[in-house]
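Student: Please see the structure below; I have some questions.
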Amino acid sequence: MKIITISREFGSGGRELGKKIAEILGYDYYDRQIISTIAERHDVDENYVEYALNNHTWQTIPLTFHHSFVSPAIFSMPHVKFLNEQKHVIEEIAKAGKNCVIVGRNADVLLEEYNPFNIFVCADMSAKIKRCQERAEEGENLNEKQIKKNILRIDKNRARTRFFLADGEWGHRKSYHLIVNTTDWDIDKLAQAVAKMVELHGE
């Protein structure tokens, strides 16, 4: 069994890259399905789960959380409850024993014992802004300054969540087998190259 985890900067194309790698290798692909499963188990809206896990609610948790004893009050917070459920869902995916690609959700940390192939996807800020503009929903008219602000906010939350779960800096080269900069790359061609590296890894 091979597990590929994709951590990524917002707007870098990591989700698209992960999906294409899964298609090339014939692996199962997990992304939004994780959120859907959590929402179903807790009988809440998917958007609520995603917001609780991805946004400002993390600012209420001290950075020393994972180094100390935890009070029941912290575990009762919706975002902590969903984070715990997310851990269970990801572990269930791994225990199924199938080759898969998991995008985001700190799967690289949660599945460390399974020795996954961990990829971090990044890009230049200009490329990330352009990608966000190209994929903006209808009626979304943010300027470049606003998009950049959102990118920095989301990535800050991702880094904070990573620190919450484990020691180590989010995006640091020591945490990944491969760091991919998608700037100026065609995602289809890049996915083929990365898929080949995954196949060769461990041989």
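Quick note on naming: the chains in the structure tokens go A, B, ... in the order shown, residues restart at 1 in each chain, and ligands are numbered from 1 in order of appearance.
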With a distance cut-off of 9 Å and only C-alpha atoms, select the neighbouring residues of A:Leu111, excluding the residue or stretch itself and same-chain residues fewer than 5 positions from it, and output the selection as a CSV table (one decimal) with C-alpha atoms, in the first residue's frame.
Tutor:
chain,number,residue,atom,x,y,z
A,3,ILE,CA,-0.2,6.7,0.6
A,90,ILE,CA,-8.1,9.7,7.9
A,91,GLU,CA,-7.0,6.7,10.0
A,94,ALA,CA,-5.3,4.2,5.8
A,106,ASN,CA,-2.4,17.2,7.9
A,116,PRO,CA,3.4,8.0,3.4
Student: Excluding stretch 117-133 of chain A and any residue of its chain fewer than 2 positions from it, enumerate the residues within 7 Å of it, using only C-alpha atoms, and give them as a PyMOL selection string.
Tutor: chain A and resi 3-9+11-12+14+108+115+135-136+144+147-148+171+176-183
Student: If you run DSSP on the backbone, which residues of chain A are helix (DSSP H, G or I), as a VMD selection string?
Tutor: chain A and resid 14 to 25 32 to 42 46 to 54 56 to 60 65 to 67 72 to 75 78 to 95 107 to 110 112 to 114 125 to 134 144 to 165 173 to 175 187 to 200
Student: Residues near stretch 16-20 of chain A, anyone? I mean within 9 Å using only C-alpha atoms, not counting same-chain ones fewer than 4 positions away, as a count of residues only.
Tutor: 18
Student: Would you list, as a VMD selection string, the residues of chain A that end up in strand (DSSP E or B) under DSSP run on this structure's backbone?
Tutor: chain A and resid 3 to 8 28 to 30 100 to 103 117 to 122 178 to 181
Student: Quick one: pull the distance between atom CA of A:Phe163 and atom CA of A:Val109, Å, one decimal.
Tutor: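 Atom CA of A:Val109 lies at a distance of 10.3 Å from atom CA of A:Phe163.
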Student: For atom CA of A:Lys98 and atom CA of A:Lys81, determine how far apart the two atoms are, in Å to one decimal place.
Tutor: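 Separating atom CA of A:Lys98 from atom CA of A:Lys81 is a distance of 26.7 Å.
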Student: Considering only C-alpha atoms, state which residue in the set A:Met197, A:Ala22, A:Met1, A:Ile154 is at the smallest distance from A:Gly97.
Tutor: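 Ranking A:Met197, A:Ala22, A:Met1, A:Ile154 by distance to A:Gly97, first place goes to A:Met1.
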Student: Env of stretch 48-53 of chain A: 9 Å cut, atoms = only C-alpha atoms, seq-sep filter 6 positions within chain, self excluded. Answer as a PyMOL selection string.
Tutor: chain A and resi 35-36+38-39+78-80+82-83+161
